[in-house]
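Q: Data: model_1.cif, mmCIF, C-alpha atoms.
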```cif
data_entry
loop_
_atom_site.label_atom_id
_atom_site.label_comp_id
_atom_site.auth_asym_id
_atom_site.auth_seq_id
_atom_site.Cartn_x
_atom_site.Cartn_y
_atom_site.Cartn_z
CA MET G 1 213.70 292.82 93.83
CA MET G 2 210.52 291.56 92.15
CA TRP G 3 209.90 294.64 89.94
CA GLY G 4 207.59 293.93 87.04
CA LEU G 5 207.91 290.17 87.19
CA CYS G 6 204.14 289.78 87.23
CA ALA G 7 203.43 292.16 84.37
CA GLN G 8 201.43 289.42 82.63
CA ALA G 9 200.99 286.71 85.24
CA GLY G 10 198.38 284.02 85.91
CA GLY G 11 194.68 284.84 86.06
CA LEU G 12 194.10 288.60 86.32
CA ASP G 13 197.26 289.14 88.39
CA ARG G 14 199.23 292.29 87.58
CA THR G 15 201.48 292.97 90.56
CA GLY G 16 202.18 289.75 92.47
CA GLN G 17 201.27 291.68 95.66
CA ASP G 18 204.93 292.33 96.47
CA LEU G 19 205.73 293.36 100.08
CA GLY G 20 209.37 294.26 99.45
CA PRO G 21 209.11 297.86 100.79
CA LEU G 22 208.21 296.51 104.24
CA PHE G 23 211.77 295.13 104.58
CA GLU G 24 213.61 298.31 103.59
CA ASN G 25 215.78 300.06 106.19
CA GLY G 26 214.61 303.24 107.93
CA ARG G 27 212.03 305.48 106.31
CA TYR G 28 211.43 304.57 102.68
CA LEU G 29 209.28 306.02 99.89
CA SER G 30 208.85 304.51 96.42
CA VAL G 31 206.82 305.18 93.30
CA GLU G 32 206.70 302.88 90.30
CA THR G 33 205.05 302.84 86.90
CA TYR G 34 205.19 300.44 83.98
CA THR G 35 203.48 299.87 80.64
CA VAL G 36 202.59 296.45 79.23
CA ARG G 37 202.04 295.78 75.52
CA PRO G 38 200.42 292.36 74.92
CA ARG G 39 200.39 290.89 71.42
CA ILE G 40 197.57 288.37 71.37
CA GLN G 41 195.96 287.41 68.06
CA GLY G 42 194.26 284.25 66.86
CA THR G 43 192.26 282.66 64.07
CA ASP G 44 188.62 281.61 64.46
CA ALA G 45 186.95 278.45 63.12
CA LEU G 46 185.95 280.32 59.94
CA GLY G 47 189.57 281.10 59.19
CA LYS G 48 189.17 284.78 60.08
CA SER G 49 191.69 286.67 62.19
CA THR G 50 190.51 287.80 65.60
CA GLY G 51 192.75 290.86 65.34
CA GLN G 52 194.69 292.15 68.33
CA VAL G 53 192.44 291.31 71.31
CA ALA G 54 194.44 292.57 74.32
CA ASP G 55 194.93 296.30 74.89
CA ASP G 56 198.04 297.98 76.22
CA TYR G 57 197.78 299.09 79.83
CA THR G 58 199.75 301.12 82.35
CA GLN G 59 200.27 300.20 85.99
CA TRP G 60 201.46 302.32 88.90
CA GLY G 61 202.15 301.86 92.60
CA PHE G 62 203.10 303.81 95.72
CA ALA G 63 204.64 302.66 99.02
CA TYR G 64 205.71 304.39 102.23
CA LYS G 65 207.46 302.53 105.07
CA GLN G 66 208.55 303.88 108.46
CA ASP G 67 210.06 302.45 111.64
CA VAL G 68 207.94 303.21 114.71
CA ASN G 69 210.61 301.90 117.07
CA PRO G 70 213.58 299.46 116.76
CA ARG G 71 211.21 296.46 116.61
CA THR G 72 208.13 297.79 114.81
CA SER G 73 207.62 299.05 111.25
CA VAL G 74 204.54 300.23 109.36
CA LEU G 75 203.82 300.23 105.63
CA LEU G 76 201.21 302.06 103.54
CA MET G 77 200.83 300.88 99.96
CA LEU G 78 198.54 301.77 97.05
CA SER G 79 198.41 299.47 94.02
CA LYS G 80 196.29 298.03 91.18
CA PRO G 81 196.61 294.28 91.87
CA PHE G 82 194.20 292.78 89.32
CA GLY G 83 192.91 293.74 85.90
CA LEU G 84 191.75 292.61 82.46
CA ASP G 85 191.53 294.44 79.11
CA ILE G 86 190.21 292.21 76.31
CA ALA G 87 188.32 293.44 73.21
CA TYR G 88 187.50 291.74 69.88
CA SER G 89 186.95 294.22 67.06
CA PRO G 90 183.55 293.89 65.30
CA GLN G 91 185.43 294.41 62.00
CA GLN G 92 187.47 291.20 62.50
CA SER G 93 186.15 287.76 63.50
CA PRO G 94 182.37 287.31 62.88
CA LEU G 95 182.36 284.61 65.58
CA PHE G 96 183.68 286.84 68.37
CA GLY G 97 183.52 290.45 67.11
CA GLY G 98 182.16 292.79 69.78
CA THR G 99 183.19 290.62 72.74
CA GLN G 100 185.03 292.55 75.42
CA ALA G 101 185.88 292.60 79.11
CA ARG G 102 187.28 295.40 81.27
CA VAL G 103 188.09 294.74 84.91
CA SER G 104 190.06 297.12 87.13
CA SER G 105 190.96 297.18 90.81
CA HIS G 106 192.63 299.50 93.30
CA GLU G 107 193.87 298.44 96.70
CA LEU G 108 194.97 300.46 99.72
CA MET G 109 196.95 298.39 102.22
CA GLY G 110 198.30 299.13 105.67
CA ALA G 111 200.68 296.61 107.25
CA LEU G 112 202.58 296.30 110.53
CA ARG G 113 205.79 294.30 111.07
CA TYR G 114 207.07 293.29 114.52
CA ARG G 115 210.54 291.76 115.05
CA TRP G 116 210.77 289.80 118.28
CA ASP G 117 214.49 289.13 117.82
CA GLU G 118 217.26 289.59 115.26
CA HIS G 119 215.97 286.78 113.06
CA TRP G 120 212.21 286.28 113.43
CA ALA G 121 209.36 288.68 112.68
CA VAL G 122 205.64 288.65 112.00
CA HIS G 123 203.64 290.99 109.78
CA GLY G 124 200.00 291.60 109.09
CA GLY G 125 197.57 294.26 108.02
CA LEU G 126 194.32 295.35 106.43
CA ARG G 127 193.46 295.84 102.76
CA LEU G 128 190.69 297.94 101.22
CA GLN G 129 189.92 296.85 97.66
CA ARG G 130 187.79 298.60 95.04
CA THR G 131 186.78 296.77 91.83
CA GLU G 132 184.63 297.58 88.81
CA GLY G 133 184.22 296.47 85.21
CA HIS G 134 181.99 295.42 82.36
CA VAL G 135 181.61 292.46 80.01
CA ALA G 136 179.98 292.29 76.57
CA LEU G 137 179.30 289.18 74.49
CA GLY G 138 179.45 289.71 70.73
CA GLY G 139 179.57 287.50 67.66
CA MET G 140 177.75 284.55 66.13
CA VAL G 141 179.20 282.05 68.62
CA PHE G 142 176.94 283.41 71.39
CA GLY G 143 173.68 282.89 69.48
CA GLY G 144 170.79 284.59 71.27
CA LEU G 145 173.18 286.19 73.75
CA ASN G 146 174.94 288.14 70.99
CA GLY G 147 174.81 291.75 72.18
CA TYR G 148 174.49 290.93 75.88
CA ARG G 149 176.20 293.47 78.13
CA VAL G 150 176.66 293.71 81.89
CA ASP G 151 178.14 296.58 83.89
CA PHE G 152 179.60 295.96 87.36
CA ARG G 153 179.42 299.10 89.48
CA PRO G 154 182.31 299.98 91.83
CA SER G 155 182.44 297.82 94.97
CA THR G 156 184.75 298.45 97.94
CA GLU G 157 185.35 295.72 100.53
CA PRO G 158 188.01 294.90 103.18
CA GLY G 159 190.46 292.02 103.49
CA TYR G 160 193.62 291.20 105.40
CA LEU G 161 197.13 289.76 105.12
CA LEU G 162 199.22 287.73 107.58
CA GLY G 163 202.79 286.51 107.41
CA MET G 164 206.13 285.86 109.05
CA SER G 165 209.78 286.12 108.09
CA TYR G 166 213.23 284.83 109.03
CA GLU G 167 216.40 286.85 108.38
CA ARG G 168 220.18 286.41 108.64
CA PRO G 169 221.63 289.89 107.91
CA ASP G 170 225.20 288.54 107.83
CA ARG G 171 224.24 286.34 104.83
CA THR G 172 221.66 288.70 103.27
CA LEU G 173 219.24 285.83 103.87
CA ARG G 174 215.50 286.39 104.10
CA VAL G 175 212.59 283.98 103.88
CA ALA G 176 209.15 285.62 104.03
CA ALA G 177 205.74 283.94 103.80
CA THR G 178 202.56 286.00 103.34
CA TYR G 179 198.90 284.98 103.08
CA TYR G 180 196.40 287.34 101.44
CA SER G 181 192.75 286.69 102.30
CA ALA G 182 189.97 286.42 99.76
CA ILE G 183 187.78 289.53 99.50
CA LYS G 184 184.07 289.05 98.89
CA HIS G 185 182.26 291.68 96.86
CA LYS G 186 178.52 292.21 96.46
CA ILE G 187 178.34 294.24 93.27
CA ALA G 188 175.51 296.43 92.00
CA THR G 189 174.96 295.15 88.44
CA ARG G 190 173.11 296.37 85.35
CA GLU G 191 172.35 293.93 82.53
CA ASN G 192 170.85 295.10 79.25
CA LEU G 193 168.44 292.14 79.30
CA TRP G 194 166.85 293.40 82.53
CA PRO G 195 165.51 296.93 83.17
CA GLY G 196 166.48 297.20 86.83
CA GLU G 197 169.59 296.84 88.95
CA THR G 198 170.57 293.47 90.39
CA ARG G 199 173.36 292.26 92.71
CA THR G 200 176.21 289.92 91.77
CA ALA G 201 178.50 288.14 94.23
CA SER G 202 182.18 287.95 93.33
CA THR G 203 185.32 286.93 95.23
CA ALA G 204 188.79 288.36 94.73
CA PRO G 205 190.94 285.26 95.29
CA GLN G 206 193.05 284.34 98.29
CA SER G 207 196.77 283.96 97.58
CA PHE G 208 200.04 282.95 99.21
CA ASN G 209 203.56 284.26 98.52
CA LEU G 210 206.83 282.64 99.56
CA ASP G 211 209.77 285.00 98.96
CA VAL G 212 213.40 283.94 99.40
CA GLN G 213 216.68 285.77 98.93
CA THR G 214 220.26 284.92 99.94
CA GLY G 215 223.71 286.29 99.29
CA ILE G 216 226.00 284.05 97.25
CA THR G 217 228.97 286.41 97.43
CA PRO G 218 229.24 289.91 98.97
CA SER G 219 228.19 291.35 95.59
CA THR G 220 225.78 288.66 94.30
CA LEU G 221 222.20 288.02 95.42
CA LEU G 222 220.00 285.05 94.52
CA PHE G 223 216.25 285.64 94.88
CA GLY G 224 213.01 283.87 94.07
CA GLN G 225 209.31 283.61 94.72
CA ILE G 226 206.54 281.02 94.63
CA ARG G 227 203.07 282.55 94.37
CA TRP G 228 199.82 280.57 94.51
CA THR G 229 196.49 282.24 93.68
CA ASN G 230 193.09 280.60 94.12
CA TRP G 231 191.57 281.85 90.86
CA SER G 232 189.07 278.98 90.68
CA GLN G 233 187.03 280.74 93.40
CA PHE G 234 186.60 283.81 91.19
CA ARG G 235 183.14 283.45 89.62
CA LEU G 236 180.75 285.91 87.98
CA HIS G 237 177.05 284.97 87.87
CA PRO G 238 174.94 288.02 86.90
CA GLN G 239 171.36 287.13 87.83
CA THR G 240 169.75 287.41 84.39
CA LEU G 241 172.53 285.49 82.66
CA ALA G 242 172.46 282.85 85.41
CA ALA G 243 168.74 282.32 84.80
CA ILE G 244 169.39 281.74 81.08
CA LEU G 245 172.53 279.60 81.55
CA PRO G 246 172.33 277.94 85.00
CA GLY G 247 175.69 277.07 86.50
CA ARG G 248 177.73 279.01 83.94
CA SER G 249 180.09 281.84 84.82
CA LEU G 250 181.52 284.72 82.82
CA ALA G 251 184.85 283.84 84.45
CA ASP G 252 186.43 280.44 83.83
CA MET G 253 189.85 280.15 85.46
CA GLU G 254 191.91 277.66 87.40
CA ASP G 255 194.29 278.17 90.31
CA THR G 256 197.71 279.44 89.25
CA THR G 257 201.21 278.95 90.66
CA THR G 258 203.94 281.33 89.50
CA TYR G 259 207.63 280.49 89.99
CA THR G 260 210.29 283.22 89.80
CA LEU G 261 214.07 282.89 90.05
CA GLY G 262 216.53 285.75 89.67
CA LEU G 263 220.08 286.94 90.23
CA GLY G 264 221.23 290.40 91.30
CA GLN G 265 224.81 291.63 90.88
CA ARG G 266 226.61 294.75 92.09
CA LEU G 267 228.52 296.12 89.08
CA ALA G 268 230.12 299.24 90.52
CA ALA G 269 229.86 301.54 93.53
CA ASN G 270 226.57 303.07 92.27
CA TRP G 271 225.40 300.46 89.79
CA SER G 272 223.80 297.03 90.06
CA GLY G 273 221.84 294.80 87.71
CA PHE G 274 219.48 291.86 87.86
CA VAL G 275 217.97 289.17 85.63
CA ALA G 276 214.98 286.96 86.40
CA VAL G 277 212.88 284.19 84.88
CA ALA G 278 209.20 283.65 85.72
CA TYR G 279 207.09 280.61 84.84
CA ASP G 280 203.36 279.87 84.94
CA LYS G 281 202.35 276.30 84.17
CA ARG G 282 199.82 275.69 81.40
CA SER G 283 196.38 274.61 82.53
CA ASP G 284 195.29 271.01 82.12
CA LYS G 285 191.78 272.23 81.31
CA ALA G 286 190.76 273.49 77.88
CA ALA G 287 189.76 277.15 77.86
CA LEU G 288 186.03 277.74 77.46
CA SER G 289 185.96 281.50 77.08
CA PRO G 290 187.31 284.02 74.53
CA LEU G 291 188.03 286.23 77.56
CA ARG G 292 190.97 283.93 78.33
CA PRO G 293 193.06 283.81 75.12
CA THR G 294 196.36 282.71 76.72
CA ASP G 295 197.44 279.79 78.89
CA GLY G 296 200.73 279.66 80.79
CA ARG G 297 203.74 281.95 80.57
CA LEU G 298 207.54 282.07 80.44
CA GLY G 299 208.89 285.53 81.19
CA TYR G 300 212.36 287.13 81.17
CA THR G 301 213.19 290.37 82.98
CA VAL G 302 216.39 292.44 83.03
CA GLY G 303 217.01 295.65 84.92
CA MET G 304 219.58 298.08 86.24
CA SER G 305 219.73 300.17 89.42
CA TYR G 306 221.58 303.43 89.92
CA GLN G 307 221.94 304.73 93.49
CA GLN G 308 223.12 308.21 94.36
CA GLY G 309 222.91 309.13 98.02
CA GLN G 310 219.39 308.48 99.26
CA PHE G 311 217.88 308.03 95.78
CA LYS G 312 217.71 304.79 93.81
CA LEU G 313 216.46 304.63 90.22
CA THR G 314 215.59 301.25 88.68
CA PRO G 315 214.49 300.88 85.04
CA TRP G 316 213.65 297.39 83.78
CA LEU G 317 212.47 295.56 80.66
CA SER G 318 210.50 292.33 80.45
CA TYR G 319 209.53 289.94 77.65
CA GLN G 320 206.77 287.42 78.31
CA ARG G 321 206.15 284.40 76.09
CA LEU G 322 202.45 283.58 76.57
CA GLY G 323 201.15 280.05 76.08
CA SER G 324 199.01 279.19 73.07
CA VAL G 325 195.44 278.04 73.64
CA ASP G 326 192.39 276.77 71.76
CA ILE G 327 189.02 278.30 72.64
CA SER G 328 186.55 275.43 72.53
CA SER G 329 183.02 274.46 73.46
CA GLY G 330 181.52 270.98 73.45
CA GLY G 331 184.73 269.58 72.02
CA THR G 332 184.63 271.95 69.03
CA THR G 333 187.50 274.39 68.53
CA LEU G 334 186.15 277.89 67.93
CA ALA G 335 189.44 279.79 67.82
CA ALA G 336 193.16 279.10 68.09
CA PHE G 337 195.69 281.50 69.61
CA ASP G 338 199.37 280.75 68.94
CA ALA G 339 202.74 282.43 69.59
CA GLU G 340 201.40 285.14 71.89
CA SER G 341 203.68 287.53 73.77
CA ALA G 342 203.87 290.68 75.87
CA THR G 343 206.58 293.25 76.50
CA ALA G 344 206.77 295.57 79.49
CA PHE G 345 208.92 298.51 80.45
CA GLY G 346 208.94 300.10 83.88
CA ILE G 347 210.79 302.43 86.16
CA LYS G 348 210.92 302.64 89.96
CA LEU G 349 212.18 305.49 92.10
CA GLY G 350 213.06 304.81 95.75
CA TYR G 351 214.03 307.35 98.41
CA GLN G 352 215.50 306.33 101.75
CA PHE G 353 215.59 308.91 104.54
#
```
Let me see whether you can do it: turn the structure in this file into structure tokens.
A:
Amino acid sequence: MMWGLCAQAGGLDRTGQDLGPLFENGRYLSVETYTVRPRIQGTDALGKSTGQVADDYTQWGFAYKQDVNPRTSVLLMLSKPFGLDIAYSPQQSPLFGGTQARVSSHELMGALRYRWDEHWAVHGGLRLQRTEGHVALGGMVFGGLNGYRVDFRPSTEPGYLLGMSYERPDRTLRVAATYYSAIKHKIATRENLWPGETRTASTAPQSFNLDVQTGITPSTLLFGQIRWTNWSQFRLHPQTLAAILPGRSLADMEDTTTYTLGLGQRLAANWSGFVAVAYDKRSDKAALSPLRPTDGRLGYTVGMSYQQGQFKLTPWLSYQRLGSVDISSGGTTLAAFDAESATAFGIKLGYQF
């Protein structure tokens, strides 16, 4: 029941890597899509508006789960786990105009779950992740690097996941822990300051999810998640830029921990609803990059489910209050972003057969 709760989460996270379909009964197929509309705008040190710097984006996902035998289940899932869409209009802030970053990822995952008794189970699987993107630096704040651009060609690399779970069906109790490995990419890179192609190392971060749900009454479910992601290991050092600015990275992020708590309630024979709150703590470190114009998050999600026979339709709506942040360098504030937010609307269709 974690639909859309990571629509604007820590780092570049966009899905929370939810494994919920693996615990569905019988054969199960689901498709989901949602659209996120961030509203992120600041003021630079010259008093000029940065304009709207975060673009709307649409996410989608697919999952298919099947029981092989009474103890073993398999899951196939396709998702877009990480992404970034930031762009400063050249017609707005002279300090940052022309700066942009686009990062996208696709991940195909296959997982196996084995239950050795009524309560305990283990799960694990392989992931194949494809990433690509580009970054451009624009505006007076970058000095001689104004106009620098780097394109990261598509890179596909494998990873894995491992976990275990404990269940009490009589209490609708489930505790599931899942570790997702880091995935190391070696990306073919083109920089406009260098005529040839270079290679850039990058690491999609390792993460850990702890999911808990329990029945409070026969019609009420309490659920939650703690998700830790090792974003500090995500670094981008294109070779030409690294030679000009040794030790600097295009990415400047810290590890994130996201807390989610929600309540589901059956309302009628075919209807149920849920509400949830998600929280990302603000960083203790001042942001150093205009590619990171928010810090922390408090999100609220509400949704309804309608089930008719084997079909279940779940629309949901989310509002995310994003933390304000000052973009600074050398102790000097270059831009301030306040009162940022994002809204998201999604719909999920599940079919059990």
Q: Once the PyMOL selection byres ((chain G and resi 227) around 9) has been applied to the shown file, what residues remain in the selection, as an MDAnalysis selection string?
A: chainID G and resid 16 207:211 225:226 228:229 256:260
Q: Translate the PyMOL selection byres ((chain G and resi 176-191) around 6), as applied to the file shown, into an explicit residue set as a ChimeraX atom specification.
A: /G:149-153,155,159-165,175,192-194,197-211
Q: Expand the PyMOL selection byres ((chain G and resi 253) around 6) into the individual residues it matches in the shown file, reporting them as a PyMOL selection string.
A: chain G and resi 231-232+252+254
Q: Write the residues of the selection above to a file with C-alpha atoms, as an mmCIF file, in the frame of the given file.
A:
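Full text of result.cif as output:
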```
data_model
loop_
_atom_site.group_PDB
_atom_site.id
_atom_site.type_symbol
_atom_site.label_atom_id
_atom_site.label_comp_id
_atom_site.auth_asym_id
_atom_site.auth_seq_id
_atom_site.Cartn_x
_atom_site.Cartn_y
_atom_site.Cartn_z
ATOM 1 C CA TRP G 231 191.570 281.850 90.860
ATOM 2 C CA SER G 232 189.070 278.980 90.680
ATOM 3 C CA ASP G 252 186.430 280.440 83.830
ATOM 4 C CA GLU G 254 191.910 277.660 87.400
#
```
Q: Give me the residues near Gly350 of chain G as an NGL selection string, where near means some atom within 6 Å (using only C-alpha atoms) and where sequence neighbours in that chain fewer than 4 positions away do not count.
A: :G and (29-30 or 311-312)
Q: Kindly assemble as a tab-separated table a list of the segment 129-171 of chain G residues that lie within 10 Å of segment 77-94 of chain G, each paired with its nearest atom pair and their distance in Å to one decimal, using all atoms listed in the file, sorted first by chain and then by ascending residue number.
A:
```
residue	atom	partner	partner_atom	distance
G:Gln129	CA	G:Lys80	CA	9.2
G:Arg130	CA	G:Lys80	CA	9.4
G:Thr131	CA	G:Phe82	CA	8.8
G:Glu132	CA	G:Gly83	CA	9.6
G:Gly133	CA	G:Leu84	CA	8.9
G:Val135	CA	G:Ile86	CA	9.4
G:Ala136	CA	G:Ala87	CA	9.1
G:Leu137	CA	G:Tyr88	CA	9.7
G:Gly138	CA	G:Pro90	CA	8.0
G:Gly139	CA	G:Pro94	CA	5.5
G:Met140	CA	G:Pro94	CA	6.3
G:Val141	CA	G:Pro94	CA	8.4
```
Q: For a quick check of understanding, using all atoms listed in the file, which of G:Ala54, G:Val36, G:Ala63, G:Ala336 has the smallest distance to Gln17 of chain G?
A: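 Of G:Ala54, G:Val36, G:Ala63, G:Ala336, the one nearest Gln17 of chain G is G:Ala63, counting all atoms listed in the file.
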Q: So how far away is atom CA of Leu267 of chain G from atom CA of Ile216 of chain G, in Å?
A: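 Between atom CA of Ile216 of chain G and atom CA of Leu267 of chain G the gap is 14.8 Å.
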Q: Report the distance between atom CA of Glu118 of chain G and atom CA of Leu221 of chain G in Å, rounded to one decimal place.
A: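 One can read the atom CA of Glu118 of chain G to atom CA of Leu221 of chain G distance as 20.5 Å.
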Q: Go through G:Thr301, G:Arg127, G:Ala45, G:Leu12 and flag the residue nearest Thr332 of chain G, using all atoms listed in the file for the distances.
A: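 Of G:Thr301, G:Arg127, G:Ala45, G:Leu12, the one nearest Thr332 of chain G is G:Ala45, counting all atoms listed in the file.
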Q: Go ahead and find all residues with at least one atom no further than 10 Å from (231.3, 295.0, 95.4) in the file's coordinates, using only C-alpha atoms; report them as a list in words.
A: Thr217, Pro218, Ser219, Thr220, Gln265, Arg266, Leu267, Ala268, Ala269, Asn270, Trp271 and Ser272 of chain G
Q: Go through G:Glu107, G:Thr58, G:Phe96, G:Trp120 and flag the residue nearest Arg71 of chain G, using all atoms listed in the file for the distances.
A: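 Looking at the shortest contact to Arg71 of chain G, the residue is G:Trp120.
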Q: With all atoms listed in the file as the basis for distance, which of G:Pro315, G:Pro290, G:Gly147, G:Gly309 is at the shortest distance from Ser329 of chain G?
A: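 Checking each candidate against Ser329 of chain G, we get G:Pro290 as the closest.
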Q: Can you measure atom CA of Gln310 of chain G to atom CA of Gly346 of chain G for me? One decimal in Å is fine.
A: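 Rounded to one decimal, the two atoms are 20.4 Å apart.
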Q: Residues within 10 Å of (203.9, 283.2, 66.0), file coordinates, counting only C-alpha atoms: what are they? Give the list as a count of residues only.
A: 9
Q: Point out the residue among G:Gly303, G:Gly296, G:Gly110, G:Gly196 with the least atom-to-atom distance to Arg321 of chain G, counting all atoms listed in the file.
A: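 Smallest separation from Arg321 of chain G among the options: G:Gly296.
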Q: Skipping near chain neighbours, those fewer than 5 positions away, what residues fall within 6 Å of Gly299 of chain G using all atoms listed in the file, listed as an MDAnalysis selection string?
A: chainID G and resid 277:278 319:321
Q: Filtering to C-alpha atoms, could you give me those residues as a short mmCIF file (atom, residue, chain, number, x, y, z; two decimals), in the coordinates of the input?
A:
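Output below, filename selection-v3.cif:
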```cif
data_model
loop_
_atom_site.label_atom_id
_atom_site.label_comp_id
_atom_site.auth_asym_id
_atom_site.auth_seq_id
_atom_site.Cartn_x
_atom_site.Cartn_y
_atom_site.Cartn_z
CA VAL G 277 212.88 284.19 84.88
CA ALA G 278 209.20 283.65 85.72
CA TYR G 319 209.53 289.94 77.65
CA GLN G 320 206.77 287.42 78.31
CA ARG G 321 206.15 284.40 76.09
#
```
Q: Using the incomplete input, complete segment 254-270 of chain G to the level of N, CA, C and O atoms; output as a compact mmCIF listing (two decimals), in the frame of the given file.
A:
```txt
# COMPACT_ATOMS: atom_id res chain seq x y z
N GLU G 254 191.42 278.62 86.43
CA GLU G 254 191.91 277.66 87.40
C GLU G 254 192.94 278.32 88.30
O GLU G 254 193.48 279.38 87.99
N ASP G 255 193.24 277.67 89.41
CA ASP G 255 194.29 278.17 90.31
C ASP G 255 195.62 278.26 89.56
O ASP G 255 195.89 277.45 88.67
N THR G 256 196.42 279.25 89.91
CA THR G 256 197.71 279.44 89.25
C THR G 256 198.83 279.41 90.28
O THR G 256 198.66 279.84 91.42
N THR G 257 199.98 278.90 89.86
CA THR G 257 201.21 278.95 90.66
C THR G 257 202.30 279.53 89.78
O THR G 257 202.59 279.00 88.71
N THR G 258 202.89 280.64 90.24
CA THR G 258 203.94 281.33 89.50
C THR G 258 205.27 281.13 90.21
O THR G 258 205.37 281.36 91.42
N TYR G 259 206.29 280.70 89.46
CA TYR G 259 207.63 280.49 89.99
C TYR G 259 208.57 281.55 89.40
O TYR G 259 208.58 281.75 88.17
N THR G 260 209.34 282.19 90.24
CA THR G 260 210.29 283.22 89.80
C THR G 260 211.65 282.95 90.40
O THR G 260 211.76 282.62 91.59
N LEU G 261 212.70 283.07 89.58
CA LEU G 261 214.07 282.89 90.05
C LEU G 261 214.92 283.97 89.40
O LEU G 261 214.84 284.19 88.18
N GLY G 262 215.73 284.66 90.22
CA GLY G 262 216.53 285.75 89.67
C GLY G 262 217.88 285.89 90.35
O GLY G 262 218.15 285.29 91.40
N LEU G 263 218.73 286.70 89.73
CA LEU G 263 220.08 286.94 90.23
C LEU G 263 220.37 288.43 90.15
O LEU G 263 220.17 289.06 89.10
N GLY G 264 220.83 289.01 91.27
CA GLY G 264 221.23 290.40 91.30
C GLY G 264 222.74 290.51 91.49
O GLY G 264 223.34 289.69 92.20
N GLN G 265 223.36 291.51 90.85
CA GLN G 265 224.81 291.63 90.88
C GLN G 265 225.20 293.11 91.01
O GLN G 265 224.74 293.95 90.23
N ARG G 266 226.05 293.42 92.01
CA ARG G 266 226.61 294.75 92.09
C ARG G 266 227.70 294.89 91.02
O ARG G 266 228.62 294.08 90.95
N LEU G 267 227.60 295.94 90.19
CA LEU G 267 228.52 296.12 89.08
C LEU G 267 229.57 297.18 89.35
O LEU G 267 230.67 297.12 88.81
N ALA G 268 229.19 298.16 90.16
CA ALA G 268 230.12 299.24 90.52
C ALA G 268 229.59 299.87 91.80
O ALA G 268 228.58 299.43 92.36
N ALA G 269 230.26 300.93 92.26
CA ALA G 269 229.86 301.54 93.53
C ALA G 269 228.42 302.00 93.51
O ALA G 269 227.70 301.87 94.51
N ASN G 270 227.93 302.54 92.36
CA ASN G 270 226.57 303.07 92.27
C ASN G 270 225.64 302.23 91.40
O ASN G 270 224.45 302.55 91.30
```
